[in-house]
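Below is final_7.txt, holding compact mmCIF, C-alpha atoms and all ligand atoms.
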# COMPACT_ATOMS: atom_id res chain seq x y z
CA MET A 1 28.01 52.97 10.70
CA ASN A 2 29.09 55.02 13.72
CA ASN A 3 32.71 56.16 14.09
CA GLU A 4 33.38 54.00 17.11
CA LEU A 5 32.45 50.79 15.29
CA LEU A 6 34.38 51.86 12.20
CA ASP A 7 37.51 52.54 14.31
CA GLU A 8 37.17 49.17 16.03
CA LEU A 9 36.82 47.27 12.76
CA ASN A 10 39.59 49.22 11.08
CA GLY A 11 41.88 48.55 14.06
CA ILE A 12 41.30 44.79 13.80
CA ALA A 13 41.82 44.83 10.02
CA ARG A 14 45.09 46.71 10.38
CA THR A 15 46.30 44.26 13.04
CA MET A 16 45.57 41.44 10.58
CA VAL A 17 47.99 42.96 8.07
CA HIS A 18 50.69 44.10 10.48
CA PRO A 19 54.08 44.36 8.67
CA GLY A 20 55.87 41.01 8.47
CA LYS A 21 52.74 39.07 9.44
CA GLY A 22 49.91 37.24 7.73
CA ILE A 23 47.07 34.85 8.37
CA LEU A 24 47.08 31.10 8.91
CA ALA A 25 44.06 29.49 7.23
CA ALA A 26 43.41 26.49 9.52
CA ASP A 27 39.70 26.39 8.73
CA GLU A 28 39.64 23.20 6.68
CA SER A 29 36.14 21.76 6.84
CA THR A 30 35.69 18.21 8.15
CA GLY A 31 35.77 16.94 4.54
CA THR A 32 38.89 18.91 3.57
CA ILE A 33 40.94 18.03 6.67
CA LYS A 34 40.09 14.37 6.02
CA LYS A 35 41.67 14.72 2.56
CA ARG A 36 44.78 16.32 4.10
CA PHE A 37 45.05 13.56 6.73
CA ASP A 38 44.49 10.88 4.08
CA SER A 39 47.64 12.18 2.36
CA ILE A 40 49.70 11.27 5.47
CA GLY A 41 47.74 8.08 6.22
CA LEU A 42 46.13 9.46 9.37
CA GLU A 43 42.55 8.88 10.43
CA SER A 44 40.53 12.09 10.79
CA THR A 45 39.25 11.80 14.37
CA GLU A 46 38.28 14.72 16.57
CA ASP A 47 41.38 14.14 18.73
CA ASN A 48 43.75 13.99 15.76
CA ARG A 49 42.28 17.21 14.38
CA ARG A 50 42.70 18.81 17.80
CA ASP A 51 46.28 17.56 18.21
CA TYR A 52 47.24 18.90 14.80
CA ARG A 53 45.75 22.34 15.35
CA GLU A 54 47.22 22.48 18.86
CA LEU A 55 50.66 21.72 17.41
CA LEU A 56 50.29 24.69 15.04
CA PHE A 57 48.96 27.15 17.63
CA ARG A 58 51.69 26.19 20.13
CA THR A 59 54.45 27.02 17.63
CA GLU A 60 55.39 30.12 19.57
CA ASP A 61 57.92 31.77 17.27
CA ALA A 62 55.63 31.47 14.23
CA MET A 63 52.51 32.55 16.08
CA SER A 64 54.01 35.56 17.85
CA GLU A 65 56.32 36.77 15.06
CA ASN A 66 54.57 36.04 11.77
CA ILE A 67 50.94 35.00 12.26
CA SER A 68 48.58 37.92 12.87
CA GLY A 69 45.39 35.85 12.81
CA VAL A 70 44.10 32.30 12.47
CA ILE A 71 40.95 31.24 10.61
CA LEU A 72 39.20 28.46 12.51
CA TYR A 73 36.46 26.01 11.67
CA ASP A 74 33.33 25.70 13.82
CA GLU A 75 34.63 22.55 15.55
CA THR A 76 38.02 24.12 16.35
CA ILE A 77 36.73 27.37 17.85
CA ARG A 78 34.94 25.23 20.48
CA GLN A 79 37.83 22.79 21.10
CA LYS A 80 40.19 22.61 24.05
CA ALA A 81 43.88 21.68 24.00
CA ALA A 82 44.93 18.41 25.67
CA ASP A 83 45.51 20.30 28.96
CA GLY A 84 42.04 21.88 28.86
CA THR A 85 43.03 25.35 27.58
CA PRO A 86 40.62 26.50 24.84
CA LEU A 87 42.44 26.61 21.49
CA VAL A 88 41.18 30.19 21.07
CA LYS A 89 43.14 31.12 24.21
CA LEU A 90 46.36 29.68 22.77
CA ILE A 91 45.95 31.94 19.75
CA GLU A 92 45.19 35.00 21.86
CA GLN A 93 48.09 34.32 24.23
CA ALA A 94 50.46 34.33 21.26
CA GLY A 95 49.15 37.80 20.34
CA SER A 96 47.26 36.56 17.30
CA VAL A 97 43.59 37.19 16.45
CA PRO A 98 41.09 34.29 16.20
CA GLY A 99 38.77 34.25 13.17
CA ILE A 100 36.09 31.91 11.88
CA LYS A 101 34.94 30.45 8.56
CA VAL A 102 31.19 31.08 8.42
CA ASP A 103 30.09 30.05 4.94
CA MET A 104 28.37 26.70 4.49
CA GLY A 105 30.19 25.73 1.32
CA ALA A 106 29.80 26.17 -2.44
CA LYS A 107 26.70 24.43 -3.85
CA ASP A 108 25.65 23.84 -7.46
CA LEU A 109 24.11 26.94 -9.03
CA ALA A 110 20.76 25.92 -10.51
CA PHE A 111 20.66 25.77 -14.33
CA HIS A 112 24.39 26.65 -14.55
CA PRO A 113 26.23 23.36 -15.03
CA GLY A 114 29.70 23.46 -13.45
CA GLU A 115 29.10 26.68 -11.53
CA LYS A 116 28.71 27.17 -7.78
CA VAL A 117 27.18 29.63 -5.37
CA THR A 118 28.23 29.80 -1.74
CA GLU A 119 25.48 29.29 0.84
CA GLY A 120 25.19 30.16 4.53
CA LEU A 121 23.26 33.45 4.93
CA THR A 122 20.32 31.91 6.79
CA GLY A 123 20.77 32.41 10.53
CA LEU A 124 24.15 34.06 9.94
CA ARG A 125 23.45 37.05 12.23
CA GLU A 126 22.89 34.74 15.20
CA ARG A 127 25.88 32.55 14.37
CA LEU A 128 28.13 35.63 14.13
CA ALA A 129 26.92 36.85 17.53
CA GLU A 130 27.83 33.49 19.07
CA TYR A 131 31.25 33.41 17.34
CA HIS A 132 31.99 36.89 18.67
CA GLN A 133 31.29 35.61 22.19
CA LEU A 134 33.62 32.68 21.52
CA GLY A 135 36.40 35.15 20.64
CA ALA A 136 36.24 35.56 16.86
CA ARG A 137 37.08 39.09 15.69
CA PHE A 138 37.08 38.36 11.97
CA ALA A 139 35.31 35.94 9.65
CA LYS A 140 35.77 34.37 6.23
CA TRP A 141 33.37 33.56 3.39
CA ARG A 142 34.72 31.94 0.24
CA ALA A 143 33.07 32.25 -3.17
CA VAL A 144 34.29 29.93 -5.91
CA ILE A 145 34.58 31.05 -9.54
CA ASP A 146 35.66 28.49 -12.12
CA ILE A 147 36.90 29.30 -15.65
CA SER A 148 35.82 27.19 -18.68
CA ARG A 149 38.29 24.80 -20.21
CA GLY A 150 39.52 24.68 -23.80
CA GLY A 151 39.15 28.40 -24.56
CA ASP A 152 35.37 28.28 -24.17
CA ARG A 153 34.14 31.53 -22.58
CA THR A 154 30.83 30.52 -21.03
CA MET A 155 32.25 30.23 -17.51
CA PRO A 156 32.06 32.19 -15.36
CA SER A 157 28.60 33.37 -16.33
CA TYR A 158 27.52 36.86 -15.31
CA SER A 159 24.84 35.37 -13.08
CA CYS A 160 27.38 33.20 -11.24
CA LEU A 161 29.52 36.29 -10.59
CA THR A 162 26.64 38.49 -9.43
CA ALA A 163 25.05 35.77 -7.23
CA ASN A 164 28.35 35.11 -5.46
CA MET A 165 29.36 38.76 -5.03
CA HIS A 166 25.89 39.64 -3.75
CA ALA A 167 26.15 36.87 -1.13
CA LEU A 168 29.62 38.12 -0.12
CA ALA A 169 28.23 41.63 0.33
CA ARG A 170 25.31 40.46 2.49
CA TYR A 171 27.71 38.38 4.57
CA ALA A 172 30.12 41.33 4.96
CA ALA A 173 27.37 43.69 6.13
CA LEU A 174 26.16 41.17 8.74
CA CYS A 175 29.72 40.70 10.01
CA GLN A 176 30.24 44.43 10.48
CA GLU A 177 26.89 44.76 12.24
CA GLN A 178 28.15 42.10 14.71
CA ARG A 179 31.56 43.85 15.23
CA ILE A 180 33.41 41.29 13.14
CA VAL A 181 35.79 42.11 10.26
CA PRO A 182 34.75 40.25 7.10
CA ILE A 183 37.42 38.64 4.94
CA VAL A 184 35.79 38.65 1.52
CA GLU A 185 37.19 35.83 -0.59
CA PRO A 186 36.19 35.63 -4.25
CA GLU A 187 38.45 32.79 -5.40
CA VAL A 188 39.02 32.39 -9.13
CA LEU A 189 40.25 28.80 -9.31
CA MET A 190 43.60 27.94 -10.90
CA ASP A 191 42.39 24.43 -11.84
CA GLY A 192 41.82 24.96 -15.56
CA ASP A 193 43.91 25.34 -18.71
CA HIS A 194 43.32 29.10 -19.15
CA ASP A 195 46.24 31.49 -19.57
CA ILE A 196 47.17 34.32 -17.21
CA ASP A 197 45.34 36.94 -19.29
CA ARG A 198 42.04 35.08 -19.01
CA CYS A 199 42.59 34.89 -15.23
CA TYR A 200 43.26 38.65 -15.23
CA GLU A 201 40.02 39.34 -17.10
CA VAL A 202 37.84 37.17 -14.82
CA THR A 203 39.51 38.40 -11.61
CA GLU A 204 39.04 42.03 -12.62
CA GLN A 205 35.40 41.56 -13.59
CA GLY A 206 34.69 39.71 -10.34
CA LEU A 207 36.31 42.42 -8.22
CA LYS A 208 34.43 45.23 -9.98
CA ILE A 209 31.13 43.45 -9.30
CA LEU A 210 32.19 42.71 -5.72
CA TYR A 211 33.04 46.32 -4.85
CA THR A 212 29.78 47.56 -6.36
CA ALA A 213 27.87 44.99 -4.27
CA LEU A 214 29.76 45.97 -1.10
CA PHE A 215 28.95 49.64 -1.77
CA GLU A 216 25.26 48.84 -2.24
CA ALA A 217 25.23 46.79 0.99
CA ARG A 218 26.72 49.83 2.87
CA VAL A 219 29.81 47.94 3.92
CA ALA A 220 32.63 50.19 5.21
CA LEU A 221 35.69 49.10 3.25
CA GLU A 222 38.06 50.34 5.98
CA GLY A 223 36.74 47.45 8.08
CA THR A 224 37.22 44.67 5.51
CA ILE A 225 40.05 42.51 4.19
CA LEU A 226 40.14 41.09 0.64
CA LYS A 227 41.33 37.51 0.13
CA PRO A 228 41.83 36.99 -3.62
CA ASN A 229 43.65 34.61 -5.91
CA MET A 230 46.80 35.80 -7.60
CA VAL A 231 46.52 36.54 -11.32
CA ILE A 232 48.11 33.36 -12.58
CA ALA A 233 47.77 30.80 -15.41
CA GLY A 234 45.65 27.69 -14.80
CA LYS A 235 47.56 24.64 -13.55
CA LYS A 236 46.90 22.81 -16.83
CA SER A 237 47.85 25.72 -19.08
CA ASP A 238 50.86 25.10 -21.32
CA LYS A 239 51.71 28.81 -21.00
CA GLN A 240 52.89 29.17 -17.38
CA ALA A 241 53.82 32.72 -16.37
CA SER A 242 57.01 33.84 -14.59
CA THR A 243 56.92 35.32 -11.09
CA ASP A 244 57.62 38.76 -12.62
CA GLU A 245 54.61 38.48 -14.92
CA ILE A 246 52.37 37.18 -12.10
CA ALA A 247 53.46 40.04 -9.82
CA GLU A 248 53.05 42.74 -12.46
CA LYS A 249 49.62 41.55 -13.64
CA THR A 250 48.27 40.87 -10.16
CA VAL A 251 49.20 44.33 -8.91
CA ARG A 252 47.87 45.98 -12.09
CA CYS A 253 44.58 44.08 -11.77
CA PHE A 254 44.11 45.17 -8.14
CA ARG A 255 45.09 48.79 -8.86
CA ASN A 256 42.27 48.79 -11.38
CA SER A 257 39.66 47.26 -9.12
CA VAL A 258 40.36 47.38 -5.36
CA PRO A 259 39.61 50.73 -3.65
CA ALA A 260 42.42 52.34 -1.65
CA ALA A 261 40.25 52.35 1.50
CA VAL A 262 40.70 48.57 1.85
CA PRO A 263 43.41 48.14 4.54
CA GLY A 264 44.79 44.85 3.29
CA ILE A 265 44.81 42.17 0.65
CA VAL A 266 45.79 38.66 1.79
CA PHE A 267 46.26 35.95 -0.81
CA LEU A 268 45.02 32.38 -0.76
CA SER A 269 47.57 29.90 -2.11
CA GLY A 270 45.05 27.98 -4.19
CA GLY A 271 47.28 25.06 -5.17
CA GLN A 272 50.59 26.87 -5.61
CA SER A 273 53.55 25.15 -3.97
CA GLU A 274 54.92 26.59 -0.74
CA ARG A 275 57.86 28.09 -2.60
CA GLU A 276 55.80 29.61 -5.43
CA ALA A 277 53.34 31.21 -3.01
CA THR A 278 56.21 32.79 -1.07
CA GLU A 279 58.15 33.89 -4.14
CA ASN A 280 55.17 35.49 -5.87
CA LEU A 281 54.16 37.44 -2.75
CA ASN A 282 57.75 38.53 -2.30
CA THR A 283 58.09 39.75 -5.89
CA MET A 284 54.98 41.92 -5.56
CA ASN A 285 56.12 43.50 -2.30
CA ARG A 286 59.71 43.91 -3.48
CA ASP A 287 58.96 45.47 -6.86
CA PHE A 288 55.62 47.25 -6.45
CA ALA A 289 55.44 48.50 -2.84
CA ASP A 290 55.30 52.13 -4.00
CA GLN A 291 52.28 51.43 -6.23
CA MET A 292 50.08 49.82 -3.58
CA PRO A 293 47.81 51.72 -1.17
CA TRP A 294 46.94 48.49 0.70
CA ALA A 295 49.13 46.09 2.67
CA LEU A 296 49.74 42.91 0.69
CA SER A 297 50.12 39.72 2.69
CA PHE A 298 49.15 36.05 2.92
CA SER A 299 46.30 33.94 4.25
CA TYR A 300 47.64 30.57 3.21
CA GLY A 301 46.30 27.15 4.04
CA ARG A 302 48.23 24.59 2.04
CA ALA A 303 51.24 26.86 1.38
CA LEU A 304 51.77 27.25 5.16
CA GLN A 305 50.99 23.69 6.16
CA ALA A 306 52.10 21.23 3.45
CA SER A 307 55.60 20.50 4.80
CA THR A 308 54.37 20.67 8.41
CA LEU A 309 51.80 17.95 7.76
CA ASP A 310 54.30 15.83 5.82
CA THR A 311 56.78 16.08 8.68
CA TRP A 312 54.26 15.40 11.44
CA LYS A 313 52.46 12.39 9.92
CA GLY A 314 50.33 12.12 13.06
CA ASP A 315 53.28 10.99 15.17
CA LYS A 316 54.02 12.75 18.50
CA GLY A 317 57.72 12.05 18.02
CA ASN A 318 57.68 14.29 14.93
CA ALA A 319 55.87 17.18 16.59
CA GLU A 320 58.93 19.35 17.21
CA ALA A 321 60.26 18.91 13.69
CA ALA A 322 56.79 19.69 12.34
CA GLN A 323 56.71 22.89 14.41
CA ARG A 324 60.09 23.87 12.99
CA ALA A 325 58.73 23.34 9.48
CA PHE A 326 55.73 25.54 10.26
CA ALA A 327 57.89 28.24 11.87
CA HIS A 328 60.13 28.23 8.79
CA ARG A 329 57.23 28.69 6.34
CA ALA A 330 55.69 31.40 8.52
CA LYS A 331 59.02 33.20 8.66
CA MET A 332 59.61 32.95 4.90
CA ASN A 333 56.15 34.38 4.20
CA GLY A 334 56.70 37.08 6.82
CA LEU A 335 59.81 38.09 4.89
CA ALA A 336 57.88 37.95 1.60
CA GLN A 337 55.36 40.34 3.12
CA LYS A 338 58.21 42.84 3.35
CA GLY A 339 59.72 41.96 -0.03
CA ALA A 340 62.82 40.80 1.86
CA TRP A 341 62.79 37.06 1.05
CA THR A 342 65.49 35.44 -1.06
CA GLU A 343 65.80 31.87 -2.29
CA ALA A 344 69.01 31.42 -0.28
CA MET A 345 67.05 31.90 2.96
CA GLU A 346 65.12 28.71 2.26
CA ASP A 347 68.24 26.62 2.68
CA GLU A 348 69.60 28.36 5.77
CA ALA A 349 66.96 26.70 7.97
P1 LIG B 401 44.81 27.61 0.38
O1 LIG B 401 45.90 28.60 0.73
O2 LIG B 401 45.18 26.19 0.66
O3 LIG B 401 44.24 27.85 -0.98
O4 LIG B 401 43.63 27.87 1.41
C1 LIG B 401 43.31 29.17 1.75
C2 LIG B 401 41.87 29.25 2.06
O5 LIG B 401 41.49 29.58 3.14
C3 LIG B 401 40.92 28.95 0.99
O6 LIG B 401 39.63 29.32 1.39
Represent the structure contained in this file as structure tokens.
Amino acid sequence: MNNELLDELNGIARTMVHPGKGILAADESTGTIKKRFDSIGLESTEDNRRDYRELLFRTEDAMSENISGVILYDETIRQKAADGTPLVKLIEQAGSVPGIKVDMGAKDLAFHPGEKVTEGLTGLRERLAEYHQLGARFAKWRAVIDISRGGDRTMPSYSCLTANMHALARYAALCQEQRIVPIVEPEVLMDGDHDIDRCYEVTEQGLKILYTALFEARVALEGTILKPNMVIAGKKSDKQASTDEIAEKTVRCFRNSVPAAVPGIVFLSGGQSEREATENLNTMNRDFADQMPWALSFSYGRALQASTLDTWKGDKGNAEAAQRAFAHRAKMNGLAQKGAWTEAMEDEA
């Protein structure tokens, strides 16, 4: 890779993890946004999806102060606001960077019951070139790693890990070739009943395989962002870990597996509540800042949007209150990025 391209990609990546800012994951696929709208009793039409995303992107304080970038879905990157302004322009005008989800979803991995491999490499070079023209400066590809239930250790299999990390590496190289920063997202799900130490083990193994695959694909790490899960117990585990244990184990896991050349690590929320996602990020940045060579921030979907959606309910009359809810979450996570959040700040709003 020539120096000019490396500088360009590194500049974008560093903007994405600017102090006090993080990423809004608004890239719910048509199926996922339908589930979110079902929860507020709203039909998932193209106009409703547009209105909702427009409401988010027009929340000026959140977008200019705390949101460095927005991950869009294919439909959204082509959509216009009600007044005809492209949604991408709204994001740019707020000083935030548009990005795009480019994977085609996790499909069943043949002969590996319960395991998935993410698809979408075919034609990816051409799709990335078009997304760049539409304004995208970074992309996202999510791999899904599930952990066996009941103490069984067959999942994840080594072949599930290598297939997914290899796909992430091929995706990342294509992104960089097309002047786009790849967010590499190997998500270890928190759905199971495993304890935090099993999550640590699987997350570490996945990351080691990922960084070997990225090296072999000649990806320049300075022009990438990692989007991992936190090291955390499964939702159904009867041994839930404290925020201090989550923070200590997550940072230790990354120090053992994420190279220092990576500019930033941005977490997914993965089913944590808004409060938990904020508190855990805050604890890491408050207690371990001097141990981390990378910026540590957020790229939350549900943990930035849950109360916004609940407040909005698809009703125009609730739009301002919904924007206040979004601005509040963005601000709280912005503070957590600096390790400066406290519980008391939640109630001051
Ligand atoms: P959640 O924060 O809701 O897990 O979504 C983030 C994301 O983009 C998952 O791919």
Spatial neighbours of segment 293-307 of chain A, max dist 7 Å, only C-alpha atoms, sep filter under 5 positions, as an MDAnalysis selection string: chainID A and resid 17 22:26 260 262:269 273:274 277 325:326 329:330 337
Ala110 of chain A surroundings by only C-alpha atoms, 12 Å radius, close-in-sequence under 5 positions cut, as a list in words: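 My reading of the contact set: Glu115, Lys116, Val117, Ser159, Cys160 and Ala163 of chain A.
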Counting all atoms listed in the file, what is within 10 Å of Tyr200 of chain A, bar same-chain residues fewer than 3 positions away, as a PDB file with C-alpha atoms, keeping the file's coordinate frame?
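What landed in part.pdb:
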ATOM      1  CA  VAL A 188      39.020  32.390  -9.130  1.00  0.00           C
ATOM      2  CA  ASP A 195      46.240  31.490 -19.570  1.00  0.00           C
ATOM      3  CA  ILE A 196      47.170  34.320 -17.210  1.00  0.00           C
ATOM      4  CA  ASP A 197      45.340  36.940 -19.290  1.00  0.00           C
ATOM      5  CA  THR A 203      39.510  38.400 -11.610  1.00  0.00           C
ATOM      6  CA  GLU A 204      39.040  42.030 -12.620  1.00  0.00           C
ATOM      7  CA  GLN A 205      35.400  41.560 -13.590  1.00  0.00           C
ATOM      8  CA  GLY A 206      34.690  39.710 -10.340  1.00  0.00           C
ATOM      9  CA  MET A 230      46.800  35.800  -7.600  1.00  0.00           C
ATOM     10  CA  VAL A 231      46.520  36.540 -11.320  1.00  0.00           C
ATOM     11  CA  ILE A 232      48.110  33.360 -12.580  1.00  0.00           C
ATOM     12  CA  ALA A 233      47.770  30.800 -15.410  1.00  0.00           C
ATOM     13  CA  ILE A 246      52.370  37.180 -12.100  1.00  0.00           C
ATOM     14  CA  LYS A 249      49.620  41.550 -13.640  1.00  0.00           C
ATOM     15  CA  THR A 250      48.270  40.870 -10.160  1.00  0.00           C
ATOM     16  CA  ARG A 252      47.870  45.980 -12.090  1.00  0.00           C
ATOM     17  CA  CYS A 253      44.580  44.080 -11.770  1.00  0.00           C
ATOM     18  CA  PHE A 254      44.110  45.170  -8.140  1.00  0.00           C
TER      19      PHE A 254
END
Who sits within 12 Å of Ile12 of chain A, all atoms listed in the file, same chain under 2 positions skipped, as a ChimeraX atom specification: /A:5-10,14-18,68-69,96-99,136-139,176,179-183,222-225,263-264
Could you dump the residues just selected with C-alpha atoms as a CSV table (one decimal), keeping the file's coordinate frame?
chain,number,residue,atom,x,y,z
A,5,LEU,CA,32.4,50.8,15.3
A,6,LEU,CA,34.4,51.9,12.2
A,7,ASP,CA,37.5,52.5,14.3
A,8,GLU,CA,37.2,49.2,16.0
A,9,LEU,CA,36.8,47.3,12.8
A,10,ASN,CA,39.6,49.2,11.1
A,14,ARG,CA,45.1,46.7,10.4
A,15,THR,CA,46.3,44.3,13.0
A,16,MET,CA,45.6,41.4,10.6
A,17,VAL,CA,48.0,43.0,8.1
A,18,HIS,CA,50.7,44.1,10.5
A,68,SER,CA,48.6,37.9,12.9
A,69,GLY,CA,45.4,35.8,12.8
A,96,SER,CA,47.3,36.6,17.3
A,97,VAL,CA,43.6,37.2,16.4
A,98,PRO,CA,41.1,34.3,16.2
A,99,GLY,CA,38.8,34.2,13.2
A,136,ALA,CA,36.2,35.6,16.9
A,137,ARG,CA,37.1,39.1,15.7
A,138,PHE,CA,37.1,38.4,12.0
A,139,ALA,CA,35.3,35.9,9.6
A,176,GLN,CA,30.2,44.4,10.5
A,179,ARG,CA,31.6,43.8,15.2
A,180,ILE,CA,33.4,41.3,13.1
A,181,VAL,CA,35.8,42.1,10.3
A,182,PRO,CA,34.8,40.2,7.1
A,183,ILE,CA,37.4,38.6,4.9
A,222,GLU,CA,38.1,50.3,6.0
A,223,GLY,CA,36.7,47.4,8.1
A,224,THR,CA,37.2,44.7,5.5
A,225,ILE,CA,40.0,42.5,4.2
A,263,PRO,CA,43.4,48.1,4.5
A,264,GLY,CA,44.8,44.8,3.3
Given all atoms listed in the file as the counted atoms, nearest of A:Arg58, A:Leu174, A:Val202, A:Leu168 to Gly123 of chain A: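 Closest to Gly123 of chain A, using all atoms listed in the file: A:Leu174.
At a cut-off of 8 Å from (46.2, 52.9, -7.0), the residue set is Arg255, Asn256, Pro259, Ala260, Gln291, Met292 and Pro293 of chain A (counting all atoms listed in the file).
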Selected residue, from A:His132, A:Arg125, A:Lys227, A:Arg275, that lies nearest to ligand LIG 401 (chain B) when counting only C-alpha atoms and all ligand atoms: A:Lys227
Please return, as an mmCIF file with C-alpha atoms, in the coordinates of the input, all polymer residues that have at least one atom within 9 Å of the point (51.1, 14.8, 18.0); use all atoms listed in the file and the file's own coordinate frame.
data_model
loop_
_atom_site.group_PDB
_atom_site.id
_atom_site.type_symbol
_atom_site.label_atom_id
_atom_site.label_comp_id
_atom_site.auth_asym_id
_atom_site.auth_seq_id
_atom_site.Cartn_x
_atom_site.Cartn_y
_atom_site.Cartn_z
ATOM 1 C CA ASN A 48 43.750 13.990 15.760
ATOM 2 C CA ASP A 51 46.280 17.560 18.210
ATOM 3 C CA TYR A 52 47.240 18.900 14.800
ATOM 4 C CA GLU A 54 47.220 22.480 18.860
ATOM 5 C CA LEU A 55 50.660 21.720 17.410
ATOM 6 C CA TRP A 312 54.260 15.400 11.440
ATOM 7 C CA LYS A 313 52.460 12.390 9.920
ATOM 8 C CA GLY A 314 50.330 12.120 13.060
ATOM 9 C CA ASP A 315 53.280 10.990 15.170
ATOM 10 C CA LYS A 316 54.020 12.750 18.500
ATOM 11 C CA GLY A 317 57.720 12.050 18.020
ATOM 12 C CA ASN A 318 57.680 14.290 14.930
ATOM 13 C CA ALA A 319 55.870 17.180 16.590
#
Point-to-point distance in Å for atom C2 of ligand LIG 401 (chain B) and atom CA of Gly270 of chain A: 7.1 Å
Residue nearest Pro156 of chain A among A:Gly114, A:Pro186, A:Gly234, A:Gly120 (counting all atoms listed in the file):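 Ranked by minimum distance to Pro156 of chain A, first place goes to A:Gly114.
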Counting all atoms listed in the file, the residue of A:His166, A:Arg50, A:Lys101, A:Lys208 that sits nearest ligand LIG 401 (chain B):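 Using all atoms listed in the file, ligand LIG 401 (chain B) sits closest to A:Lys101.
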Who sits within 7 Å of Met63 of chain A, all atoms listed in the file, same chain under 4 positions skipped, as a PyMOL selection string: chain A and resi 57+59+67+94+96
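One finds atom CA of Tyr131 of chain A at 8.7 Å from atom CA of Asp74 of chain A.
Closest approach to ligand LIG 401 (chain B) from the set A:Ile91, A:Ala167, A:Val184, A:Ala344 is made by A:Val184, with distances taken over all atoms listed in the file.
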Nearest to ligand LIG 401 (chain B) by atom-to-atom distance, counting all atoms listed in the file, from A:Lys331, A:Lys80, A:Lys107, A:Lys140: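 Using all atoms listed in the file, the shortest distance to ligand LIG 401 (chain B) belongs to A:Lys140.
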Just so I have it separately, write segment 142-157 of chain A from the block I sent, keeping N, CA and C atoms, as an mmCIF file, in the first residue's frame.
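So part.cif came out as:
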data_model
loop_
_atom_site.group_PDB
_atom_site.id
_atom_site.type_symbol
_atom_site.label_atom_id
_atom_site.label_comp_id
_atom_site.auth_asym_id
_atom_site.auth_seq_id
_atom_site.Cartn_x
_atom_site.Cartn_y
_atom_site.Cartn_z
ATOM 1 N N ARG A 142 -19.882 -8.072 9.576
ATOM 2 C CA ARG A 142 -20.061 -8.722 10.876
ATOM 3 C C ARG A 142 -19.991 -10.230 10.733
ATOM 4 N N ALA A 143 -19.075 -10.848 11.478
ATOM 5 C CA ALA A 143 -19.009 -12.306 11.584
ATOM 6 C C ALA A 143 -19.658 -12.701 12.909
ATOM 7 N N VAL A 144 -20.331 -13.828 12.918
ATOM 8 C CA VAL A 144 -21.064 -14.242 14.119
ATOM 9 C C VAL A 144 -20.509 -15.558 14.657
ATOM 10 N N ILE A 145 -20.058 -15.523 15.907
ATOM 11 C CA ILE A 145 -19.488 -16.714 16.547
ATOM 12 C C ILE A 145 -20.355 -17.054 17.761
ATOM 13 N N ASP A 146 -20.923 -18.248 17.745
ATOM 14 C CA ASP A 146 -21.777 -18.660 18.861
ATOM 15 C C ASP A 146 -21.017 -19.665 19.742
ATOM 16 N N ILE A 147 -21.317 -19.661 21.029
ATOM 17 C CA ILE A 147 -20.669 -20.567 21.982
ATOM 18 C C ILE A 147 -21.683 -21.632 22.412
ATOM 19 N N SER A 148 -21.237 -22.911 22.445
ATOM 20 C CA SER A 148 -22.126 -24.020 22.842
ATOM 21 C C SER A 148 -22.757 -23.787 24.211
ATOM 22 N N ARG A 149 -23.923 -24.370 24.364
ATOM 23 C CA ARG A 149 -24.618 -24.297 25.657
ATOM 24 C C ARG A 149 -24.203 -25.465 26.554
ATOM 25 N N GLY A 150 -24.504 -25.337 27.840
ATOM 26 C CA GLY A 150 -24.394 -26.451 28.777
ATOM 27 C C GLY A 150 -22.979 -26.963 28.997
ATOM 28 N N GLY A 151 -21.971 -26.100 28.791
ATOM 29 C CA GLY A 151 -20.594 -26.498 29.062
ATOM 30 C C GLY A 151 -19.957 -27.332 27.962
ATOM 31 N N ASP A 152 -20.731 -27.670 26.945
ATOM 32 C CA ASP A 152 -20.201 -28.394 25.786
ATOM 33 C C ASP A 152 -19.185 -27.477 25.084
ATOM 34 N N ARG A 153 -18.111 -28.049 24.544
ATOM 35 C CA ARG A 153 -17.072 -27.179 23.973
ATOM 36 C C ARG A 153 -16.925 -27.322 22.456
ATOM 37 N N THR A 154 -17.950 -27.873 21.801
ATOM 38 C CA THR A 154 -17.784 -28.075 20.353
ATOM 39 C C THR A 154 -17.923 -26.774 19.551
ATOM 40 N N MET A 155 -18.645 -25.804 20.080
ATOM 41 C CA MET A 155 -18.789 -24.525 19.389
ATOM 42 C C MET A 155 -18.103 -23.417 20.162
ATOM 43 N N PRO A 156 -17.361 -22.535 19.465
ATOM 44 C CA PRO A 156 -17.151 -22.540 18.027
ATOM 45 C C PRO A 156 -16.122 -23.579 17.607
ATOM 46 N N SER A 157 -16.329 -24.150 16.418
ATOM 47 C CA SER A 157 -15.337 -25.061 15.865
ATOM 48 C C SER A 157 -14.204 -24.235 15.269
#
